[in-house]
$ cat target-v2.cif   # mmCIF, C-alpha atoms and all ligand atoms
data_protein
#
loop_
_atom_site.label_atom_id
_atom_site.label_comp_id
_atom_site.auth_asym_id
_atom_site.auth_seq_id
_atom_site.Cartn_x
_atom_site.Cartn_y
_atom_site.Cartn_z
CA MET A 609 0.00 0.00 0.00
CA GLN A 610 1.22 3.51 -0.83
CA ARG A 611 1.53 5.82 2.18
CA LEU A 612 1.13 9.58 1.90
CA ILE A 613 2.84 11.78 4.51
CA LEU A 614 2.34 15.52 4.99
CA ALA A 615 5.57 16.97 6.36
CA SER A 616 3.99 19.95 8.09
CA SER A 617 2.92 21.28 11.46
CA SER A 618 0.51 23.72 9.83
CA PRO A 619 -3.16 23.09 10.73
CA ARG A 620 -4.12 24.90 7.49
CA ARG A 621 -2.10 22.56 5.28
CA LYS A 622 -3.70 19.59 7.07
CA GLU A 623 -7.16 21.01 6.43
CA LEU A 624 -6.41 21.70 2.75
CA LEU A 625 -5.09 18.19 2.17
CA GLU A 626 -8.16 16.76 3.92
CA ASN A 627 -10.29 18.53 1.32
CA LEU A 628 -8.80 16.17 -1.28
CA ARG A 629 -10.25 13.12 0.55
CA LEU A 630 -6.98 11.26 0.62
CA ASN A 631 -5.70 9.12 3.47
CA PHE A 632 -2.54 10.64 4.86
CA GLU A 633 -0.42 10.86 7.97
CA ILE A 634 1.31 13.90 9.44
CA SER A 635 4.88 14.19 10.55
CA SER A 636 6.90 17.32 10.98
CA SER A 637 10.39 18.22 12.03
CA ASP A 638 12.14 21.47 12.70
CA VAL A 639 14.20 22.59 9.74
CA ASP A 640 16.40 25.63 9.33
CA GLU A 641 14.23 28.07 7.37
CA SER A 642 17.04 30.41 6.34
CA PHE A 643 18.01 30.61 2.68
CA SER A 644 20.55 32.32 0.50
CA GLU A 645 19.56 35.84 -0.56
CA THR A 646 20.73 35.06 -4.08
CA LEU A 647 17.84 32.62 -4.59
CA SER A 648 14.75 33.79 -6.46
CA PRO A 649 11.48 33.54 -4.45
CA ALA A 650 10.45 30.52 -6.54
CA ASP A 651 13.75 28.72 -5.87
CA ALA A 652 13.68 29.70 -2.20
CA VAL A 653 10.22 28.21 -1.51
CA MET A 654 11.06 25.02 -3.44
CA GLU A 655 14.36 24.69 -1.55
CA LEU A 656 12.65 25.09 1.84
CA ALA A 657 9.83 22.73 0.83
CA SER A 658 12.47 20.19 -0.12
CA ARG A 659 14.25 20.59 3.21
CA LYS A 660 10.96 19.80 4.99
CA SER A 661 10.07 16.77 2.85
CA GLY A 662 13.67 15.53 2.88
CA THR A 663 13.98 15.59 6.66
CA VAL A 664 10.70 13.74 7.20
CA ALA A 665 11.36 11.26 4.35
CA GLN A 666 14.35 9.90 6.28
CA ASN A 667 11.86 8.36 8.73
CA PHE A 668 9.41 7.24 6.03
CA PRO A 669 11.29 5.35 3.33
CA ASP A 670 9.22 4.19 0.35
CA CYS A 671 6.43 6.67 1.10
CA PHE A 672 5.17 9.78 -0.73
CA VAL A 673 6.23 12.74 1.44
CA ILE A 674 4.94 16.27 0.82
CA GLY A 675 6.70 19.42 2.08
CA SER A 676 5.60 22.97 1.40
CA ASP A 677 6.72 26.53 2.06
CA THR A 678 5.06 29.93 1.57
CA VAL A 679 6.49 33.45 1.34
CA VAL A 680 5.15 36.86 0.40
CA VAL A 681 7.10 39.02 -2.03
CA HIS A 682 6.64 42.76 -2.24
CA ASP A 683 8.86 45.14 -4.19
CA GLY A 684 11.51 42.45 -4.60
CA MET A 685 11.64 41.77 -0.85
CA ILE A 686 10.81 38.35 0.57
CA LEU A 687 8.63 38.53 3.68
CA GLY A 688 8.38 35.55 6.01
CA LYS A 689 6.54 35.41 9.34
CA PRO A 690 6.73 38.56 11.49
CA GLU A 691 8.42 37.97 14.82
CA SER A 692 6.99 40.98 16.66
CA GLY A 693 4.11 43.44 16.50
CA GLN A 694 6.57 46.00 15.23
CA GLU A 695 7.62 43.78 12.34
CA ALA A 696 3.99 42.92 11.51
CA LEU A 697 3.20 46.65 11.44
CA LYS A 698 6.06 47.28 9.02
CA MET A 699 4.94 44.45 6.74
CA LEU A 700 1.27 45.44 6.67
CA LYS A 701 2.11 49.09 6.00
CA LYS A 702 4.23 47.98 3.05
CA LEU A 703 1.46 45.78 1.67
CA SER A 704 -1.28 48.40 2.13
CA GLY A 705 -2.82 49.75 -1.09
CA ASP A 706 -0.57 47.64 -3.29
CA THR A 707 -0.18 44.27 -5.00
CA HIS A 708 2.18 41.57 -3.73
CA SER A 709 2.85 37.99 -4.78
CA VAL A 710 2.47 34.89 -2.66
CA TYR A 711 4.74 31.98 -3.62
CA THR A 712 4.16 28.47 -2.37
CA GLY A 713 6.73 25.81 -3.18
CA VAL A 714 6.03 22.09 -2.91
CA SER A 715 8.37 19.12 -2.84
CA ILE A 716 7.10 15.56 -3.13
CA ILE A 717 9.54 12.78 -2.38
CA SER A 718 8.30 9.53 -3.88
CA PRO A 719 9.97 6.11 -3.60
CA GLU A 720 11.58 6.86 -6.96
CA LYS A 721 12.41 10.57 -7.15
CA GLU A 722 11.79 14.08 -5.93
CA THR A 723 9.37 16.43 -7.72
CA ARG A 724 9.40 20.17 -7.02
CA PHE A 725 7.05 22.87 -8.21
CA TYR A 726 5.74 26.26 -7.15
CA GLU A 727 2.66 28.39 -7.70
CA LYS A 728 2.36 32.17 -7.48
CA THR A 729 -0.76 34.20 -6.71
CA ASP A 730 -1.00 37.98 -6.79
CA VAL A 731 -2.93 39.66 -3.97
CA THR A 732 -4.00 43.32 -3.84
CA PHE A 733 -4.73 44.96 -0.49
CA TRP A 734 -7.05 47.88 0.07
CA GLU A 735 -5.46 51.04 1.39
CA LEU A 736 -5.36 50.29 5.13
CA SER A 737 -5.76 52.85 7.90
CA ASP A 738 -3.46 52.75 10.95
CA GLU A 739 -6.51 51.77 13.04
CA GLU A 740 -7.30 48.83 10.79
CA ILE A 741 -3.70 47.60 10.93
CA ASP A 742 -3.59 48.05 14.70
CA THR A 743 -6.83 46.12 15.20
CA TYR A 744 -5.60 43.36 12.94
CA ILE A 745 -2.28 43.00 14.74
CA LYS A 746 -4.05 42.96 18.13
CA SER A 747 -6.11 39.99 16.89
CA GLY A 748 -2.88 37.96 16.99
CA GLU A 749 -3.49 36.52 13.54
CA PRO A 750 -0.36 37.87 11.76
CA PHE A 751 2.23 35.98 13.76
CA ASP A 752 2.43 32.51 12.28
CA LYS A 753 1.81 33.64 8.72
CA ALA A 754 4.02 34.77 5.87
CA GLY A 755 3.59 38.48 5.17
CA GLY A 756 1.77 38.90 8.49
CA TYR A 757 -1.76 38.06 7.39
CA GLY A 758 -4.13 35.17 6.78
CA ILE A 759 -6.45 35.53 3.79
CA GLN A 760 -8.66 32.74 5.16
CA GLY A 761 -9.36 34.49 8.48
CA PHE A 762 -9.80 38.00 9.81
CA GLY A 763 -7.23 39.01 7.17
CA SER A 764 -9.92 38.55 4.55
CA MET A 765 -10.97 42.13 5.32
CA LEU A 766 -7.66 43.43 3.95
CA VAL A 767 -7.98 41.88 0.50
CA LYS A 768 -9.38 43.72 -2.52
CA GLU A 769 -8.47 41.33 -5.31
CA ILE A 770 -6.58 38.14 -6.02
CA SER A 771 -5.25 36.64 -9.24
CA GLY A 772 -4.25 32.97 -9.14
CA ASP A 773 -5.07 29.98 -6.95
CA TYR A 774 -6.51 31.02 -3.57
CA TYR A 775 -5.05 27.87 -1.97
CA THR A 776 -1.53 28.95 -2.92
CA VAL A 777 -2.04 31.89 -0.54
CA VAL A 778 -3.28 29.67 2.28
CA GLY A 779 -0.19 27.47 1.90
CA LEU A 780 -0.89 24.46 -0.35
CA PRO A 781 -1.88 24.63 -4.05
CA VAL A 782 -4.03 21.51 -3.84
CA SER A 783 -5.32 21.20 -7.40
CA ARG A 784 -1.79 21.32 -8.84
CA LEU A 785 -0.69 18.92 -6.10
CA ILE A 786 -3.14 16.18 -7.12
CA ARG A 787 -2.06 16.52 -10.73
CA GLU A 788 1.60 16.13 -9.75
CA LEU A 789 0.81 13.16 -7.47
CA ARG A 790 -1.00 11.45 -10.34
CA LYS A 791 1.93 12.07 -12.69
CA ILE A 792 4.43 10.38 -10.36
CA GLY A 793 2.32 7.28 -9.87
CA TYR A 794 0.42 7.90 -6.65
CA ASN A 795 -2.87 6.02 -6.88
CA LEU A 796 -5.64 8.54 -6.34
CA PRO A 797 -9.13 7.25 -5.52
CA TYR A 798 -10.54 9.34 -8.38
C1 LIG A 801 -0.20 34.79 3.14
C2 LIG A 801 -0.73 33.70 4.01
C3 LIG A 801 0.11 32.79 4.64
N1 LIG A 801 -0.39 31.81 5.43
C4 LIG A 801 0.49 30.82 6.10
C5 LIG A 801 0.76 29.57 5.28
C6 LIG A 801 1.93 28.95 6.01
O1 LIG A 801 1.42 28.07 7.02
C7 LIG A 801 2.60 30.16 6.67
C8 LIG A 801 3.98 30.37 6.14
O2 LIG A 801 4.88 29.59 6.87
P1 LIG A 801 5.60 28.27 6.35
O3 LIG A 801 7.00 28.31 6.89
O4 LIG A 801 5.40 28.11 4.88
O5 LIG A 801 4.80 27.08 7.04
P2 LIG A 801 4.50 26.73 8.56
O6 LIG A 801 5.71 27.02 9.44
O7 LIG A 801 3.21 27.38 8.96
O8 LIG A 801 4.24 25.17 8.52
P3 LIG A 801 5.26 23.95 8.16
O9 LIG A 801 6.61 24.53 7.87
O10 LIG A 801 5.30 23.06 9.38
O11 LIG A 801 4.62 23.27 6.99
O12 LIG A 801 1.79 31.29 6.37
C9 LIG A 801 -1.76 31.69 5.63
O13 LIG A 801 -2.22 30.81 6.35
N2 LIG A 801 -2.60 32.57 5.00
C10 LIG A 801 -2.17 33.57 4.21
O14 LIG A 801 -2.99 34.35 3.66
#
$ encode --input "target-v2.cif" --output "structure tokens"
Amino acid sequence: MQRLILASSSPRRKELLENLRLNFEISSSDVDESFSETLSPADAVMELASRKSGTVAQNFPDCFVIGSDTVVVHDGMILGKPESGQEALKMLKKLSGDTHSVYTGVSIISPEKETRFYEKTDVTFWELSDEEIDTYIKSGEPFDKAGGYGIQGFGSMLVKEISGDYYTVVGLPVSRLIRELRKIGYNLPY
């Protein structure tokens, strides 16, 4: 039997993979999330995704192991998760009234090989007042999310427009993922 492993501690990625009605297990490990500044955003998210899948795959030989990583890119700058209210404030002020890109990279390690891909979605924020930003930061939502917001939660109030797959923003481009799984020989129930 083929086993599918999600190498993630993110409750959102678990929920998104559950939407696909596949049987899977979860295992995560701490990986170093730093990357070389010379990497493009696309290469950076695929590299980090691969680090996550690679670490977990050591404990799950002969399985299909999925790792994923998400960053926000604005004006050529890569934004990860804010570590303080101050940093979240800086990020949200930058993103206000403008369009940024969300990149999610995925690595699937199968018994035979590794497959990497990424998806990019553009998100436009409304012009945000200081009060709005302050209220949002006080909600606590920015802190475990790239770019300091969650489109699927309270952060939905910040978003004017998106272009691309919504699920790329939430952290796992699921429709592309099933197509890639099928290509590499994972037996889907549909
Ligand atoms: C922009 C955006 C990001 N995010 C999340 C997706 C990712 O979980 C997180 C970026 O951090 P990641 O380092 O990609 O993932 P993670 O640490 O949460 O989980 P793991 O490494 O164990 O898989 O930001 C949202 O949930 N909504 C959004 O709108």
$ closest_residue --input "target-v2.cif" --among "A:Thr646, A:Ser747, A:Ser704, A:Thr729" --to "ligand LIG 801 (chain A)" --atoms "all atoms listed in the file"
A:Thr729
$ atom_distance --input "target-v2.cif" --atom1 "atom CA of Thr707 of chain A" --atom2 "atom CA of Arg724 of chain A"
26.0 Å
$ residues_around --input "target-v2.cif" --residues "Asp706 of chain A" --least-positions-apart "3" --cutoff "10 Å" --atoms "only C-alpha atoms" --output "compact mmCIF listing (two decimals) with C-alpha atoms, in the coordinates of the input"
# COMPACT_ATOMS: atom_id res chain seq x y z
CA HIS A 682 6.64 42.76 -2.24
CA ASP A 683 8.86 45.14 -4.19
CA LYS A 701 2.11 49.09 6.00
CA LYS A 702 4.23 47.98 3.05
CA LEU A 703 1.46 45.78 1.67
CA VAL A 731 -2.93 39.66 -3.97
CA THR A 732 -4.00 43.32 -3.84
CA PHE A 733 -4.73 44.96 -0.49
CA TRP A 734 -7.05 47.88 0.07
CA GLU A 735 -5.46 51.04 1.39
CA LYS A 768 -9.38 43.72 -2.52
$ residues_near_ligand --input "target-v2.cif" --ligand "ligand LIG 801 (chain A)" --cutoff "7 Å" --atoms "all atoms listed in the file" --output "PDB file with C-alpha atoms, keeping the file's coordinate frame"
ATOM      1  CA  ALA A 615       5.570  16.970   6.360  1.00  0.00           C
ATOM      2  CA  SER A 616       3.990  19.950   8.090  1.00  0.00           C
ATOM      3  CA  SER A 617       2.920  21.280  11.460  1.00  0.00           C
ATOM      4  CA  SER A 618       0.510  23.720   9.830  1.00  0.00           C
ATOM      5  CA  ARG A 620      -4.120  24.900   7.490  1.00  0.00           C
ATOM      6  CA  ARG A 621      -2.100  22.560   5.280  1.00  0.00           C
ATOM      7  CA  SER A 636       6.900  17.320  10.980  1.00  0.00           C
ATOM      8  CA  GLY A 675       6.700  19.420   2.080  1.00  0.00           C
ATOM      9  CA  SER A 676       5.600  22.970   1.400  1.00  0.00           C
ATOM     10  CA  ASP A 677       6.720  26.530   2.060  1.00  0.00           C
ATOM     11  CA  THR A 678       5.060  29.930   1.570  1.00  0.00           C
ATOM     12  CA  VAL A 679       6.490  33.450   1.340  1.00  0.00           C
ATOM     13  CA  VAL A 680       5.150  36.860   0.400  1.00  0.00           C
ATOM     14  CA  GLY A 688       8.380  35.550   6.010  1.00  0.00           C
ATOM     15  CA  LYS A 689       6.540  35.410   9.340  1.00  0.00           C
ATOM     16  CA  VAL A 710       2.470  34.890  -2.660  1.00  0.00           C
ATOM     17  CA  ASP A 752       2.430  32.510  12.280  1.00  0.00           C
ATOM     18  CA  LYS A 753       1.810  33.640   8.720  1.00  0.00           C
ATOM     19  CA  ALA A 754       4.020  34.770   5.870  1.00  0.00           C
ATOM     20  CA  GLY A 755       3.590  38.480   5.170  1.00  0.00           C
ATOM     21  CA  TYR A 757      -1.760  38.060   7.390  1.00  0.00           C
ATOM     22  CA  GLY A 758      -4.130  35.170   6.780  1.00  0.00           C
ATOM     23  CA  ILE A 759      -6.450  35.530   3.790  1.00  0.00           C
ATOM     24  CA  GLN A 760      -8.660  32.740   5.160  1.00  0.00           C
ATOM     25  CA  VAL A 777      -2.040  31.890  -0.540  1.00  0.00           C
ATOM     26  CA  VAL A 778      -3.280  29.670   2.280  1.00  0.00           C
ATOM     27  CA  GLY A 779      -0.190  27.470   1.900  1.00  0.00           C
TER      28      GLY A 779
END
$ residues_around --input "target-v2.cif" --residues "segment 691-700 of chain A" --least-positions-apart "6" --cutoff "9 Å" --atoms "all atoms listed in the file" --output "list of chain:residue names"
A:Leu736, A:Ile741, A:Asp742, A:Ile745, A:Lys746, A:Gly748, A:Pro750, A:Phe751, A:Asp752, A:Gly755, A:Gly756, A:Tyr757
$ closest_residue --input "target-v2.cif" --among "A:Gln666, A:Ser764, A:Asn627, A:Thr743" --to "Ile786 of chain A" --atoms "only C-alpha atoms"
A:Asn627
$ build_atoms --input "target-v2.cif" --residues "segment 716-751 of chain A" --atoms "N, CA and C atoms" --output "short mmCIF file (atom, residue, chain, number, x, y, z; two decimals), in the frame of the given file"
data_model
loop_
_atom_site.label_atom_id
_atom_site.label_comp_id
_atom_site.auth_asym_id
_atom_site.auth_seq_id
_atom_site.Cartn_x
_atom_site.Cartn_y
_atom_site.Cartn_z
N ILE A 716 7.64 16.89 -3.43
CA ILE A 716 7.10 15.56 -3.13
C ILE A 716 8.24 14.56 -3.32
N ILE A 717 8.55 13.84 -2.25
CA ILE A 717 9.54 12.78 -2.38
C ILE A 717 8.78 11.47 -2.52
N SER A 718 8.97 10.81 -3.65
CA SER A 718 8.30 9.53 -3.88
C SER A 718 9.36 8.44 -3.73
N PRO A 719 8.95 7.17 -3.71
CA PRO A 719 9.97 6.11 -3.60
C PRO A 719 11.00 6.20 -4.71
N GLU A 720 10.65 6.83 -5.83
CA GLU A 720 11.58 6.86 -6.96
C GLU A 720 12.38 8.15 -7.13
N LYS A 721 11.73 9.30 -6.87
CA LYS A 721 12.41 10.57 -7.15
C LYS A 721 11.77 11.72 -6.39
N GLU A 722 12.40 12.89 -6.51
CA GLU A 722 11.79 14.08 -5.93
C GLU A 722 11.20 14.95 -7.04
N THR A 723 10.00 15.48 -6.80
CA THR A 723 9.37 16.43 -7.72
C THR A 723 9.21 17.76 -6.99
N ARG A 724 9.60 18.85 -7.64
CA ARG A 724 9.40 20.17 -7.02
C ARG A 724 8.59 21.04 -7.96
N PHE A 725 7.72 21.86 -7.40
CA PHE A 725 7.05 22.87 -8.21
C PHE A 725 6.65 24.04 -7.32
N TYR A 726 6.25 25.14 -7.94
CA TYR A 726 5.74 26.26 -7.15
C TYR A 726 4.55 26.88 -7.87
N GLU A 727 3.75 27.60 -7.13
CA GLU A 727 2.66 28.39 -7.70
C GLU A 727 2.77 29.80 -7.14
N LYS A 728 2.29 30.77 -7.91
CA LYS A 728 2.36 32.17 -7.48
C LYS A 728 0.98 32.79 -7.64
N THR A 729 0.53 33.50 -6.64
CA THR A 729 -0.76 34.20 -6.71
C THR A 729 -0.56 35.66 -6.32
N ASP A 730 -1.12 36.56 -7.11
CA ASP A 730 -1.00 37.98 -6.79
C ASP A 730 -2.19 38.43 -5.93
N VAL A 731 -1.89 39.18 -4.89
CA VAL A 731 -2.93 39.66 -3.97
C VAL A 731 -2.84 41.18 -3.85
N THR A 732 -3.97 41.86 -3.99
CA THR A 732 -4.00 43.32 -3.84
C THR A 732 -4.75 43.68 -2.56
N PHE A 733 -4.11 44.49 -1.74
CA PHE A 733 -4.73 44.96 -0.49
C PHE A 733 -5.41 46.32 -0.71
N TRP A 734 -6.48 46.54 -0.01
CA TRP A 734 -7.05 47.88 0.07
C TRP A 734 -6.03 48.80 0.76
N GLU A 735 -6.21 50.07 0.60
CA GLU A 735 -5.46 51.04 1.39
C GLU A 735 -5.90 50.85 2.84
N LEU A 736 -4.96 50.59 3.75
CA LEU A 736 -5.36 50.29 5.13
C LEU A 736 -5.07 51.46 6.06
N SER A 737 -6.01 51.78 6.94
CA SER A 737 -5.76 52.85 7.90
C SER A 737 -4.91 52.29 9.05
N ASP A 738 -4.27 53.18 9.80
CA ASP A 738 -3.46 52.75 10.95
C ASP A 738 -4.33 51.99 11.95
N GLU A 739 -5.59 52.43 12.10
CA GLU A 739 -6.51 51.77 13.04
C GLU A 739 -6.78 50.33 12.61
N GLU A 740 -7.03 50.18 11.31
CA GLU A 740 -7.30 48.83 10.79
C GLU A 740 -6.11 47.89 11.05
N ILE A 741 -4.91 48.42 10.76
CA ILE A 741 -3.70 47.60 10.93
C ILE A 741 -3.52 47.26 12.41
N ASP A 742 -3.74 48.24 13.26
CA ASP A 742 -3.59 48.05 14.70
C ASP A 742 -4.57 46.98 15.21
N THR A 743 -5.82 47.10 14.78
CA THR A 743 -6.83 46.12 15.20
C THR A 743 -6.45 44.73 14.73
N TYR A 744 -5.96 44.67 13.49
CA TYR A 744 -5.60 43.36 12.94
C TYR A 744 -4.44 42.73 13.71
N ILE A 745 -3.43 43.53 14.01
CA ILE A 745 -2.28 43.00 14.74
C ILE A 745 -2.70 42.54 16.14
N LYS A 746 -3.59 43.33 16.77
CA LYS A 746 -4.05 42.96 18.13
C LYS A 746 -4.83 41.65 18.12
N SER A 747 -5.37 41.26 16.97
CA SER A 747 -6.11 39.99 16.89
C SER A 747 -5.17 38.79 17.04
N GLY A 748 -3.87 39.04 16.85
CA GLY A 748 -2.88 37.96 16.99
C GLY A 748 -2.70 37.12 15.74
N GLU A 749 -3.52 37.38 14.74
CA GLU A 749 -3.49 36.52 13.54
C GLU A 749 -2.20 36.60 12.71
N PRO A 750 -1.51 37.76 12.67
CA PRO A 750 -0.36 37.87 11.76
C PRO A 750 0.81 36.94 12.07
N PHE A 751 0.92 36.47 13.33
CA PHE A 751 2.23 35.98 13.76
C PHE A 751 2.75 34.65 13.21
#
